[in-house]
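One structure below.
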Amino acid sequence: MYNRRKFLLSSLAASIGISLPASGHKEYRYRSDRSGFDGPVIISTWEHGLAANLAAWKKLTAGKSVLDAVEAGVMVSEADPAVSSVGYGGFPDSQGEVTLDACIMGPEGDAGSVACLKHILHPISVARLVMEKTPHVMLVGEGALKFAVEEGFQKTDLLTPDAKKAWEKWKQKSMVPDDFNGGHDTIGMIALGAGADVAGACTTSGLSYKLPGRVGDSPIIGAGLFVDNEVGGAAATGHGELVMKTLGSFLVVELMRTGLSPEAACRSALNRIAEKIPLKPDYQVGFIAINKGGETAGYGLQKSFEYAVMKEGKNQLFKAGSLF
Ligand code: GLY
């Protein structure tokens, strides 16, 4: 039995370019023949990713770091009042408070995150400072706000008149937060920059009309976002609880490490969700991924998922493949 398993593992490893040590136990070092850098590649979630890609592209082509690029990219969605699922203009929780979640990961394996942060326009920049200036990875709630203010961020009202109106309408009907009140259109972005370095960022106002204190997948390293500079990166959008239960972005990157293409890895991670978690018809999760060779993909549970890719100066929106 053991020998057969060892044989199967060795055959699989050989077919996808992984060398196993004599014990047959793993030493999964990703070996890629595709690490040549042919210029920046940026992928992000949803249509609002197009404007975000452009901002990231400008940074990369001006010689800025891949971290600068993803931060600047998602800041565009954070500041856009028309994006009702991210930053300013994001729909509030059930009490009418806008609370934001964000995280960032760089090529050195560094990571920073904030959750349930109120009053700050650019949570992604606070997450970056958590990464760069503290010994921690994640700050939440009041502590995150105190840190942001001490770092010079201005407190601001994030609830736009349109978002307030939508919340008041919801309140008249419901008052009971359920698990699918529309908007989950988080922006996740992964960029491949000079030297084939990979970084990612993810930021959201989370589930509309959520219970106060609810935190989704987006600020959780490995769930909403994961980067491994040897392999690539992945980010998630959609129903955060499903992504958290499967550590979705980490799973996508680990599947790419075994040799799967970004598309096969995203699809396989979604299959895992579908196998493990009882799904309701409207549940949506979308993954985006990029590998070290600059190959990109997006895949969703449902047909509605779209993602934006900027490469060779061309910025395009793609309809993602879907499980259902
Ligand atoms: N994916 C965003 C959230 O569930 O909060």
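Convention: chains lettered A, B, ... in structure tokens order; per-chain residue numbering from 1; ligands numbered from 1 as shown.
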Step by step, measure atom-to-atom distances between ligand 1 and each residue using only C-alpha atoms and all ligand atoms, keep those at most 6 Å, then write them as a list of chain:residue names.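 The distance check yields A:His184, A:Thr186, A:Gly206, A:Leu207, A:Gly216, A:Asp217, A:Ser218, A:Thr237, A:Gly238, A:His239, A:Gly240.
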For the residues in the current selection, export N, CA and C atoms as a PDB file, in the first residue's frame.
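The file below, result_26.pdb, is the result:
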ATOM      1  N   HIS A 184     -21.339  42.041  -2.503  1.00  0.00           N
ATOM      2  CA  HIS A 184     -20.111  41.402  -2.019  1.00  0.00           C
ATOM      3  C   HIS A 184     -18.965  41.745  -2.954  1.00  0.00           C
ATOM      4  N   THR A 186     -16.198  42.962  -3.473  1.00  0.00           N
ATOM      5  CA  THR A 186     -14.854  43.297  -2.995  1.00  0.00           C
ATOM      6  C   THR A 186     -13.901  43.529  -4.147  1.00  0.00           C
ATOM      7  N   GLY A 206     -17.544  44.844   2.931  1.00  0.00           N
ATOM      8  CA  GLY A 206     -18.128  43.575   3.392  1.00  0.00           C
ATOM      9  C   GLY A 206     -19.598  43.444   3.047  1.00  0.00           C
ATOM     10  N   LEU A 207     -20.190  42.474   3.650  1.00  0.00           N
ATOM     11  CA  LEU A 207     -21.599  42.154   3.406  1.00  0.00           C
ATOM     12  C   LEU A 207     -22.498  43.326   3.823  1.00  0.00           C
ATOM     13  N   GLY A 216     -15.413  39.627   7.287  1.00  0.00           N
ATOM     14  CA  GLY A 216     -15.454  38.611   6.234  1.00  0.00           C
ATOM     15  C   GLY A 216     -14.077  38.072   5.916  1.00  0.00           C
ATOM     16  N   ASP A 217     -13.969  37.541   4.717  1.00  0.00           N
ATOM     17  CA  ASP A 217     -12.711  36.918   4.286  1.00  0.00           C
ATOM     18  C   ASP A 217     -11.628  37.927   3.902  1.00  0.00           C
ATOM     19  N   SER A 218     -12.062  39.134   3.487  1.00  0.00           N
ATOM     20  CA  SER A 218     -11.123  40.038   2.807  1.00  0.00           C
ATOM     21  C   SER A 218      -9.874  40.421   3.606  1.00  0.00           C
ATOM     22  N   THR A 237     -13.475  37.195  -3.962  1.00  0.00           N
ATOM     23  CA  THR A 237     -14.596  38.115  -3.802  1.00  0.00           C
ATOM     24  C   THR A 237     -15.839  37.256  -3.612  1.00  0.00           C
ATOM     25  N   GLY A 238     -16.884  37.875  -3.115  1.00  0.00           N
ATOM     26  CA  GLY A 238     -18.114  37.113  -2.941  1.00  0.00           C
ATOM     27  C   GLY A 238     -18.386  36.802  -1.495  1.00  0.00           C
ATOM     28  N   HIS A 239     -19.066  35.711  -1.281  1.00  0.00           N
ATOM     29  CA  HIS A 239     -19.574  35.371   0.046  1.00  0.00           C
ATOM     30  C   HIS A 239     -18.431  34.938   0.965  1.00  0.00           C
ATOM     31  N   GLY A 240     -18.002  35.895   1.799  1.00  0.00           N
ATOM     32  CA  GLY A 240     -16.782  35.706   2.576  1.00  0.00           C
ATOM     33  C   GLY A 240     -16.781  34.480   3.463  1.00  0.00           C
TER      34      GLY A 240
END
Within 7 Å of Met310 of chain A, counting only C-alpha atoms, which residues show up once you throw out same-chain ones fewer than 2 positions away? Write them as a list in words, please.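 In the requested form, the answer reads Val41, Ile42, Ile43, Asn53, Ala308, Glu312, Gly313, Lys314, Asn315 and Gln316 of chain A.
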I need the residues in segment 259-312 of chain A that are strand (DSSP E) according to DSSP; give them as a VMD selection string. chain A and resid 285 to 291 296 to 300 306 to 311
Excluding segment 291-299 of chain A and residues on its chain fewer than 6 positions from it, collect all residues at most 6 Å away from it, counting only C-alpha atoms, and give them as a PDB file with all heavy atoms, in the first residue's frame.
ATOM      1  N   ARG A  34       8.531  29.130 -16.066  1.00  0.00           N
ATOM      2  CA  ARG A  34       7.825  30.262 -16.657  1.00  0.00           C
ATOM      3  C   ARG A  34       8.091  31.540 -15.870  1.00  0.00           C
ATOM      4  O   ARG A  34       7.229  32.371 -15.744  1.00  0.00           O
ATOM      5  CB  ARG A  34       6.328  29.966 -16.668  1.00  0.00           C
ATOM      6  CG  ARG A  34       5.988  28.706 -17.431  1.00  0.00           C
ATOM      7  CD  ARG A  34       4.587  28.266 -17.133  1.00  0.00           C
ATOM      8  NE  ARG A  34       4.415  27.975 -15.726  1.00  0.00           N
ATOM      9  CZ  ARG A  34       3.293  27.594 -15.165  1.00  0.00           C
ATOM     10  NH1 ARG A  34       2.230  27.454 -15.884  1.00  0.00           N
ATOM     11  NH2 ARG A  34       3.227  27.347 -13.881  1.00  0.00           N
ATOM     12  N   SER A  35       9.281  31.677 -15.314  1.00  0.00           N
ATOM     13  CA  SER A  35       9.500  32.837 -14.447  1.00  0.00           C
ATOM     14  C   SER A  35      10.114  34.029 -15.184  1.00  0.00           C
ATOM     15  O   SER A  35      10.462  35.015 -14.561  1.00  0.00           O
ATOM     16  CB  SER A  35      10.360  32.452 -13.257  1.00  0.00           C
ATOM     17  OG  SER A  35      11.538  31.879 -13.728  1.00  0.00           O
ATOM     18  N   VAL A 231       5.380  31.397  -6.308  1.00  0.00           N
ATOM     19  CA  VAL A 231       4.307  30.740  -7.046  1.00  0.00           C
ATOM     20  C   VAL A 231       3.411  31.730  -7.782  1.00  0.00           C
ATOM     21  O   VAL A 231       3.119  31.589  -8.969  1.00  0.00           O
ATOM     22  CB  VAL A 231       3.435  29.903  -6.061  1.00  0.00           C
ATOM     23  CG1 VAL A 231       2.278  29.233  -6.795  1.00  0.00           C
ATOM     24  CG2 VAL A 231       4.273  28.868  -5.329  1.00  0.00           C
ATOM     25  N   GLY A 232       2.928  32.745  -7.066  1.00  0.00           N
ATOM     26  CA  GLY A 232       1.982  33.709  -7.625  1.00  0.00           C
ATOM     27  C   GLY A 232       1.074  34.214  -6.529  1.00  0.00           C
ATOM     28  O   GLY A 232       1.444  34.228  -5.355  1.00  0.00           O
ATOM     29  N   PRO A 262      -3.510  28.815 -13.320  1.00  0.00           N
ATOM     30  CA  PRO A 262      -4.391  29.652 -12.493  1.00  0.00           C
ATOM     31  C   PRO A 262      -5.865  29.290 -12.656  1.00  0.00           C
ATOM     32  O   PRO A 262      -6.600  29.225 -11.672  1.00  0.00           O
ATOM     33  CB  PRO A 262      -4.090  31.067 -13.001  1.00  0.00           C
ATOM     34  CG  PRO A 262      -2.658  31.000 -13.442  1.00  0.00           C
ATOM     35  CD  PRO A 262      -2.518  29.632 -14.052  1.00  0.00           C
ATOM     36  N   GLU A 263      -6.292  29.010 -13.887  1.00  0.00           N
ATOM     37  CA  GLU A 263      -7.716  28.700 -14.070  1.00  0.00           C
ATOM     38  C   GLU A 263      -8.085  27.385 -13.391  1.00  0.00           C
ATOM     39  O   GLU A 263      -9.093  27.288 -12.681  1.00  0.00           O
ATOM     40  CB  GLU A 263      -8.092  28.635 -15.556  1.00  0.00           C
ATOM     41  CG  GLU A 263      -9.557  28.255 -15.710  1.00  0.00           C
ATOM     42  CD  GLU A 263     -10.131  28.470 -17.096  1.00  0.00           C
ATOM     43  OE1 GLU A 263      -9.839  29.517 -17.693  1.00  0.00           O
ATOM     44  OE2 GLU A 263     -10.874  27.594 -17.555  1.00  0.00           O
ATOM     45  N   CYS A 266      -8.195  27.929  -9.590  1.00  0.00           N
ATOM     46  CA  CYS A 266      -9.403  28.636  -9.122  1.00  0.00           C
ATOM     47  C   CYS A 266     -10.614  27.704  -9.165  1.00  0.00           C
ATOM     48  O   CYS A 266     -11.405  27.650  -8.219  1.00  0.00           O
ATOM     49  CB  CYS A 266      -9.689  29.859  -9.995  1.00  0.00           C
ATOM     50  SG  CYS A 266      -8.492  31.190  -9.824  1.00  0.00           S
ATOM     51  N   ALA A 320     -15.860  35.578 -16.315  1.00  0.00           N
ATOM     52  CA  ALA A 320     -15.201  34.389 -15.781  1.00  0.00           C
ATOM     53  C   ALA A 320     -15.999  33.133 -16.090  1.00  0.00           C
ATOM     54  O   ALA A 320     -17.223  33.174 -16.191  1.00  0.00           O
ATOM     55  CB  ALA A 320     -15.044  34.536 -14.264  1.00  0.00           C
ATOM     56  N   GLY A 321     -15.295  32.018 -16.217  1.00  0.00           N
ATOM     57  CA  GLY A 321     -15.961  30.721 -16.270  1.00  0.00           C
ATOM     58  C   GLY A 321     -16.615  30.455 -14.919  1.00  0.00           C
ATOM     59  O   GLY A 321     -16.263  31.082 -13.913  1.00  0.00           O
ATOM     60  N   SER A 322     -17.573  29.524 -14.892  1.00  0.00           N
ATOM     61  CA  SER A 322     -18.268  29.285 -13.614  1.00  0.00           C
ATOM     62  C   SER A 322     -18.611  27.816 -13.427  1.00  0.00           C
ATOM     63  O   SER A 322     -18.768  27.082 -14.402  1.00  0.00           O
ATOM     64  CB  SER A 322     -19.533  30.134 -13.538  1.00  0.00           C
ATOM     65  OG  SER A 322     -20.447  29.713 -14.513  1.00  0.00           O
TER      66      SER A 322
END
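Residue nearest Gln302 of chain A, chosen from A:Lys164, A:Lys210, A:Arg272, A:Lys319 and counting only C-alpha atoms: A:Lys319.
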If you run DSSP over the backbone, which residues in segment 260-292 of chain A end up alpha helix (DSSP H)? Put them as a PyMOL selection string. chain A and resi 262-276
So that I have them on file, write out the residues from the current selection with all heavy atoms, as a compact mmCIF listing (two decimals), in the first residue's frame.
# COMPACT_ATOMS: atom_id res chain seq x y z
N PRO A 262 -3.51 28.81 -13.32
CA PRO A 262 -4.39 29.65 -12.49
C PRO A 262 -5.86 29.29 -12.66
O PRO A 262 -6.60 29.23 -11.67
CB PRO A 262 -4.09 31.07 -13.00
CG PRO A 262 -2.66 31.00 -13.44
CD PRO A 262 -2.52 29.63 -14.05
N GLU A 263 -6.29 29.01 -13.89
CA GLU A 263 -7.72 28.70 -14.07
C GLU A 263 -8.08 27.39 -13.39
O GLU A 263 -9.09 27.29 -12.68
CB GLU A 263 -8.09 28.63 -15.56
CG GLU A 263 -9.56 28.26 -15.71
CD GLU A 263 -10.13 28.47 -17.10
OE1 GLU A 263 -9.84 29.52 -17.69
OE2 GLU A 263 -10.87 27.59 -17.55
N ALA A 264 -7.25 26.37 -13.58
CA ALA A 264 -7.56 25.06 -12.96
C ALA A 264 -7.53 25.18 -11.43
O ALA A 264 -8.33 24.56 -10.73
CB ALA A 264 -6.56 24.02 -13.44
N ALA A 265 -6.61 26.00 -10.92
CA ALA A 265 -6.51 26.16 -9.46
C ALA A 265 -7.75 26.86 -8.90
O ALA A 265 -8.31 26.44 -7.87
CB ALA A 265 -5.24 26.95 -9.11
N CYS A 266 -8.20 27.93 -9.59
CA CYS A 266 -9.40 28.64 -9.12
C CYS A 266 -10.61 27.70 -9.17
O CYS A 266 -11.41 27.65 -8.22
CB CYS A 266 -9.69 29.86 -9.99
SG CYS A 266 -8.49 31.19 -9.82
N ARG A 267 -10.73 26.96 -10.27
CA ARG A 267 -11.89 26.06 -10.42
C ARG A 267 -11.86 24.98 -9.35
O ARG A 267 -12.88 24.64 -8.74
CB ARG A 267 -11.87 25.44 -11.83
CG ARG A 267 -13.20 24.84 -12.24
CD ARG A 267 -13.18 24.32 -13.66
NE ARG A 267 -12.05 23.46 -13.91
CZ ARG A 267 -11.16 23.64 -14.89
NH1 ARG A 267 -11.28 24.65 -15.72
NH2 ARG A 267 -10.14 22.81 -15.04
N SER A 268 -10.68 24.46 -9.11
CA SER A 268 -10.56 23.39 -8.13
C SER A 268 -10.90 23.89 -6.71
O SER A 268 -11.55 23.18 -5.93
CB SER A 268 -9.12 22.86 -8.20
OG SER A 268 -8.93 21.85 -7.30
N ALA A 269 -10.48 25.12 -6.39
CA ALA A 269 -10.81 25.67 -5.07
C ALA A 269 -12.33 25.88 -4.95
O ALA A 269 -12.91 25.67 -3.88
CB ALA A 269 -10.06 26.98 -4.86
N LEU A 270 -12.96 26.28 -6.04
CA LEU A 270 -14.42 26.46 -6.00
C LEU A 270 -15.12 25.10 -5.86
O LEU A 270 -16.13 24.99 -5.17
CB LEU A 270 -14.90 27.18 -7.26
CG LEU A 270 -14.51 28.66 -7.28
CD1 LEU A 270 -14.56 29.23 -8.68
CD2 LEU A 270 -15.42 29.47 -6.35
N ASN A 271 -14.57 24.09 -6.51
CA ASN A 271 -15.12 22.74 -6.33
C ASN A 271 -15.04 22.31 -4.88
O ASN A 271 -15.95 21.67 -4.36
CB ASN A 271 -14.33 21.73 -7.18
CG ASN A 271 -14.98 21.54 -8.54
OD1 ASN A 271 -16.20 21.48 -8.65
ND2 ASN A 271 -14.16 21.49 -9.58
N ARG A 272 -13.92 22.67 -4.23
CA ARG A 272 -13.77 22.34 -2.81
C ARG A 272 -14.90 22.97 -1.99
O ARG A 272 -15.50 22.33 -1.14
CB ARG A 272 -12.41 22.83 -2.31
CG ARG A 272 -12.13 22.55 -0.85
CD ARG A 272 -11.71 21.12 -0.61
NE ARG A 272 -10.52 20.77 -1.35
CZ ARG A 272 -9.26 20.97 -0.91
NH1 ARG A 272 -9.06 21.46 0.29
NH2 ARG A 272 -8.23 20.62 -1.65
N ILE A 273 -15.18 24.26 -2.30
CA ILE A 273 -16.27 24.95 -1.59
C ILE A 273 -17.59 24.22 -1.84
O ILE A 273 -18.35 23.95 -0.92
CB ILE A 273 -16.35 26.43 -2.04
CG1 ILE A 273 -15.16 27.21 -1.49
CG2 ILE A 273 -17.66 27.07 -1.61
CD1 ILE A 273 -15.05 28.65 -1.97
N ALA A 274 -17.83 23.90 -3.11
CA ALA A 274 -19.10 23.27 -3.47
C ALA A 274 -19.24 21.88 -2.82
O ALA A 274 -20.35 21.47 -2.44
CB ALA A 274 -19.22 23.17 -4.98
N GLU A 275 -18.12 21.19 -2.66
CA GLU A 275 -18.16 19.85 -2.05
C GLU A 275 -18.37 19.92 -0.54
O GLU A 275 -19.03 19.08 0.05
CB GLU A 275 -16.83 19.13 -2.27
CG GLU A 275 -16.68 18.51 -3.64
CD GLU A 275 -15.20 18.21 -3.93
OE1 GLU A 275 -14.39 18.15 -2.98
OE2 GLU A 275 -14.88 18.10 -5.12
N LYS A 276 -17.78 20.93 0.09
CA LYS A 276 -17.72 20.95 1.56
C LYS A 276 -18.85 21.71 2.21
O LYS A 276 -19.14 21.49 3.38
CB LYS A 276 -16.40 21.61 2.03
CG LYS A 276 -15.15 20.91 1.61
CD LYS A 276 -14.86 19.76 2.52
CE LYS A 276 -13.65 18.97 2.02
NZ LYS A 276 -13.52 17.68 2.63
